[in-house]
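Visitor: Following this line is run_26.txt, made up of compact mmCIF, N, CA and C atoms:
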```txt
# COMPACT_ATOMS: atom_id res chain seq x y z
N MET A 1 -19.69 11.74 9.39
CA MET A 1 -18.28 12.04 9.52
C MET A 1 -17.55 10.78 9.95
N LEU A 2 -16.41 10.54 9.38
CA LEU A 2 -15.63 9.36 9.71
C LEU A 2 -14.73 9.64 10.91
N SER A 3 -14.57 8.63 11.73
CA SER A 3 -13.77 8.80 12.94
C SER A 3 -12.28 8.60 12.64
N ASN A 4 -11.47 9.06 13.56
CA ASN A 4 -10.02 8.90 13.43
C ASN A 4 -9.62 7.42 13.47
N GLU A 5 -10.40 6.60 14.14
CA GLU A 5 -10.10 5.17 14.20
C GLU A 5 -10.13 4.54 12.82
N ILE A 6 -10.97 5.05 11.96
CA ILE A 6 -11.06 4.54 10.58
C ILE A 6 -10.01 5.21 9.69
N LEU A 7 -9.84 6.51 9.85
CA LEU A 7 -8.98 7.26 8.94
C LEU A 7 -7.49 7.06 9.19
N ASP A 8 -7.08 6.90 10.46
CA ASP A 8 -5.65 6.76 10.77
C ASP A 8 -5.00 5.56 10.08
N PRO A 9 -5.59 4.36 10.13
CA PRO A 9 -4.95 3.23 9.43
C PRO A 9 -4.89 3.44 7.91
N ILE A 10 -5.89 4.07 7.36
CA ILE A 10 -5.90 4.33 5.92
C ILE A 10 -4.76 5.28 5.57
N TYR A 11 -4.59 6.30 6.38
CA TYR A 11 -3.50 7.25 6.16
C TYR A 11 -2.14 6.56 6.25
N ARG A 12 -1.94 5.76 7.27
CA ARG A 12 -0.66 5.08 7.45
C ARG A 12 -0.37 4.12 6.29
N ASN A 13 -1.40 3.44 5.80
CA ASN A 13 -1.21 2.49 4.70
C ASN A 13 -0.85 3.20 3.40
N ASN A 14 -1.37 4.39 3.19
CA ASN A 14 -1.12 5.10 1.94
C ASN A 14 0.06 6.05 2.00
N GLN A 15 0.55 6.35 3.17
CA GLN A 15 1.58 7.37 3.34
C GLN A 15 2.85 7.05 2.54
N ASN A 16 3.31 5.82 2.57
CA ASN A 16 4.54 5.47 1.86
C ASN A 16 4.40 5.64 0.36
N SER A 17 3.30 5.19 -0.20
CA SER A 17 3.14 5.31 -1.66
C SER A 17 3.01 6.77 -2.07
N VAL A 18 2.34 7.57 -1.26
CA VAL A 18 2.22 9.00 -1.55
C VAL A 18 3.59 9.66 -1.49
N GLU A 19 4.37 9.35 -0.47
CA GLU A 19 5.70 9.92 -0.33
C GLU A 19 6.60 9.54 -1.51
N GLU A 20 6.49 8.30 -1.97
CA GLU A 20 7.31 7.85 -3.10
C GLU A 20 6.94 8.61 -4.37
N ARG A 21 5.65 8.79 -4.61
CA ARG A 21 5.22 9.53 -5.81
C ARG A 21 5.68 10.98 -5.75
N ILE A 22 5.55 11.59 -4.58
CA ILE A 22 5.98 12.99 -4.43
C ILE A 22 7.49 13.10 -4.61
N ASN A 23 8.23 12.20 -4.01
CA ASN A 23 9.69 12.23 -4.11
C ASN A 23 10.14 12.11 -5.56
N LYS A 24 9.54 11.20 -6.29
CA LYS A 24 9.90 10.99 -7.70
C LYS A 24 9.62 12.26 -8.52
N GLN A 25 8.43 12.82 -8.38
CA GLN A 25 8.06 14.01 -9.13
C GLN A 25 8.92 15.20 -8.72
N TYR A 26 9.22 15.31 -7.44
CA TYR A 26 10.03 16.41 -6.93
C TYR A 26 11.41 16.41 -7.57
N HIS A 27 12.05 15.25 -7.60
CA HIS A 27 13.40 15.17 -8.15
C HIS A 27 13.40 15.40 -9.66
N GLU A 28 12.37 14.97 -10.35
CA GLU A 28 12.27 15.23 -11.78
C GLU A 28 12.17 16.73 -12.04
N ARG A 29 11.36 17.42 -11.25
CA ARG A 29 11.15 18.85 -11.47
C ARG A 29 12.32 19.69 -10.98
N ILE A 30 13.00 19.24 -9.93
CA ILE A 30 14.15 19.99 -9.40
C ILE A 30 15.28 20.05 -10.42
N ASN A 31 15.45 18.97 -11.16
CA ASN A 31 16.53 18.95 -12.15
C ASN A 31 16.31 19.95 -13.28
N LYS A 32 15.10 20.43 -13.42
CA LYS A 32 14.77 21.38 -14.49
C LYS A 32 14.93 22.84 -14.06
N ILE A 33 15.22 23.09 -12.79
CA ILE A 33 15.36 24.46 -12.29
C ILE A 33 16.63 25.08 -12.85
N LYS A 34 16.50 26.26 -13.43
CA LYS A 34 17.65 26.95 -14.01
C LYS A 34 17.88 28.31 -13.34
N SER A 35 17.60 28.42 -12.05
CA SER A 35 17.76 29.69 -11.34
C SER A 35 19.23 30.00 -11.07
N THR A 36 19.50 31.27 -10.92
CA THR A 36 20.88 31.69 -10.68
C THR A 36 21.19 31.83 -9.20
N THR A 37 20.24 32.30 -8.41
CA THR A 37 20.52 32.51 -6.99
C THR A 37 20.02 31.34 -6.15
N LEU A 38 20.72 31.12 -5.07
CA LEU A 38 20.36 30.03 -4.16
C LEU A 38 18.98 30.28 -3.53
N GLU A 39 18.70 31.52 -3.17
CA GLU A 39 17.41 31.85 -2.55
C GLU A 39 16.26 31.59 -3.51
N GLU A 40 16.43 31.98 -4.76
CA GLU A 40 15.38 31.76 -5.76
C GLU A 40 15.16 30.27 -5.98
N ARG A 41 16.24 29.52 -6.03
CA ARG A 41 16.15 28.07 -6.21
C ARG A 41 15.41 27.43 -5.03
N GLU A 42 15.72 27.84 -3.82
CA GLU A 42 15.05 27.30 -2.63
C GLU A 42 13.57 27.65 -2.62
N ASN A 43 13.22 28.85 -3.05
CA ASN A 43 11.81 29.25 -3.13
C ASN A 43 11.06 28.38 -4.14
N ILE A 44 11.68 28.10 -5.25
CA ILE A 44 11.05 27.24 -6.26
C ILE A 44 10.87 25.83 -5.70
N LYS A 45 11.87 25.31 -5.00
CA LYS A 45 11.78 23.98 -4.39
C LYS A 45 10.60 23.91 -3.41
N GLN A 46 10.47 24.94 -2.57
CA GLN A 46 9.37 24.96 -1.60
C GLN A 46 8.02 25.00 -2.30
N GLY A 47 7.94 25.75 -3.38
CA GLY A 47 6.70 25.82 -4.16
C GLY A 47 6.35 24.47 -4.76
N ILE A 48 7.36 23.78 -5.26
CA ILE A 48 7.14 22.45 -5.84
C ILE A 48 6.63 21.49 -4.78
N ILE A 49 7.27 21.49 -3.62
CA ILE A 49 6.85 20.60 -2.54
C ILE A 49 5.40 20.88 -2.13
N ALA A 50 5.07 22.14 -1.93
CA ALA A 50 3.71 22.51 -1.52
C ALA A 50 2.70 22.05 -2.57
N GLU A 51 3.00 22.29 -3.82
CA GLU A 51 2.08 21.90 -4.90
C GLU A 51 1.89 20.39 -4.95
N LEU A 52 2.98 19.64 -4.84
CA LEU A 52 2.87 18.18 -4.92
C LEU A 52 2.10 17.60 -3.75
N TYR A 53 2.34 18.10 -2.54
CA TYR A 53 1.59 17.60 -1.39
C TYR A 53 0.11 17.94 -1.51
N TYR A 54 -0.19 19.12 -2.00
CA TYR A 54 -1.59 19.52 -2.18
C TYR A 54 -2.26 18.60 -3.19
N LYS A 55 -1.62 18.40 -4.33
CA LYS A 55 -2.21 17.56 -5.37
C LYS A 55 -2.38 16.12 -4.90
N GLU A 56 -1.36 15.57 -4.25
CA GLU A 56 -1.44 14.19 -3.77
C GLU A 56 -2.52 14.04 -2.70
N GLY A 57 -2.62 15.01 -1.81
CA GLY A 57 -3.66 14.96 -0.78
C GLY A 57 -5.05 15.02 -1.38
N PHE A 58 -5.22 15.88 -2.36
CA PHE A 58 -6.51 16.00 -3.03
C PHE A 58 -6.85 14.72 -3.79
N LYS A 59 -5.86 14.19 -4.52
CA LYS A 59 -6.08 12.96 -5.29
C LYS A 59 -6.37 11.79 -4.36
N ASP A 60 -5.65 11.70 -3.26
CA ASP A 60 -5.86 10.62 -2.29
C ASP A 60 -7.25 10.71 -1.68
N GLY A 61 -7.68 11.94 -1.39
CA GLY A 61 -9.03 12.13 -0.84
C GLY A 61 -10.11 11.71 -1.82
N LEU A 62 -9.93 12.05 -3.08
CA LEU A 62 -10.90 11.64 -4.10
C LEU A 62 -10.95 10.13 -4.26
N GLU A 63 -9.79 9.49 -4.28
CA GLU A 63 -9.75 8.03 -4.39
C GLU A 63 -10.44 7.38 -3.20
N PHE A 64 -10.23 7.92 -2.02
CA PHE A 64 -10.87 7.39 -0.82
C PHE A 64 -12.39 7.53 -0.92
N ALA A 65 -12.85 8.70 -1.34
CA ALA A 65 -14.29 8.93 -1.46
C ALA A 65 -14.91 8.01 -2.51
N LEU A 66 -14.22 7.82 -3.63
CA LEU A 66 -14.73 6.92 -4.66
C LEU A 66 -14.80 5.49 -4.19
N ASP A 67 -13.80 5.06 -3.42
CA ASP A 67 -13.82 3.70 -2.87
C ASP A 67 -15.01 3.50 -1.94
N ILE A 68 -15.29 4.50 -1.11
CA ILE A 68 -16.42 4.43 -0.19
C ILE A 68 -17.73 4.34 -0.98
N LEU A 69 -17.84 5.16 -2.02
CA LEU A 69 -19.06 5.14 -2.84
C LEU A 69 -19.23 3.80 -3.55
N LYS A 70 -18.15 3.23 -4.03
CA LYS A 70 -18.24 1.93 -4.72
C LYS A 70 -18.67 0.82 -3.77
N LYS A 71 -18.22 0.91 -2.53
CA LYS A 71 -18.54 -0.12 -1.54
C LYS A 71 -19.97 -0.02 -1.02
N SER A 72 -20.56 1.18 -1.15
CA SER A 72 -21.92 1.34 -0.60
C SER A 72 -22.97 1.11 -1.64
```
Step by step, read the file and then write its structure as structure tokens.

Guide:
Amino acid sequence: MLSNEILDPIYRNNQNSVEERINKQYHERINKIKSTTLEERENIKQGIIAELYYKEGFKDGLEFALDILKKS
């Protein structure tokens, strides 16, 4: 198991690039929403955010694991 001393700097270094990718995808997808009610639109926005963070977290974890495997 990796310690927080190793993982925290990695997280901080990647956080900005992850946020930029999520922000870009979020705004692209938000412009495509054609809902009529404000509540429905907000629910769709929340779903998009949750999905993007999940995907980015999963992708970031895989990239990290692959880097570790390549180095060993």

Visitor: Just the number, please: distance in Å from CA of Asn13 (chain A) to CA of His27 (chain A), one decimal.

Guide: 23.2 Å

Visitor: From (15.3, 22.0, -2.8), in the file's coordinates, out to 10 Å: which residues are reached, counting only C-alpha atoms? Answer as a list in words.

Guide: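 Neighbouring residues, ordered by chain and number, come to Tyr26, His27, Ile30, Asn31, Ile33, Leu38, Arg41, Glu42, Asn43, Ile44, Lys45, Gln46, Gly47, Ile48 and Ile49 of chain A.
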
Visitor: Using only N, CA and C atoms, determine which residues lie at most 8 Å from region 54-60 of chain A, disregarding the query and same-chain residues fewer than 6 positions distant; provide the list as a CSV table (one decimal) with N, CA and C atoms, keeping the file's coordinate frame.

Guide:
```
chain,number,residue,atom,x,y,z
A,18,VAL,N,2.3,7.6,-1.3
A,18,VAL,CA,2.2,9.0,-1.6
A,18,VAL,C,3.6,9.7,-1.5
A,22,ILE,N,5.6,11.6,-4.6
A,22,ILE,CA,6.0,13.0,-4.4
A,22,ILE,C,7.5,13.1,-4.6
A,48,ILE,N,7.4,23.8,-5.3
A,48,ILE,CA,7.1,22.4,-5.8
A,48,ILE,C,6.6,21.5,-4.8
A,66,LEU,N,-14.2,7.8,-3.6
A,66,LEU,CA,-14.7,6.9,-4.7
A,66,LEU,C,-14.8,5.5,-4.2
```

Visitor: Could you go through chain A and tell me which residues DSSP, when run on the backbone, assigns to alpha helix (DSSP H), listing them as a VMD selection string?

Guide: chain A and resid 4 to 30 38 to 71
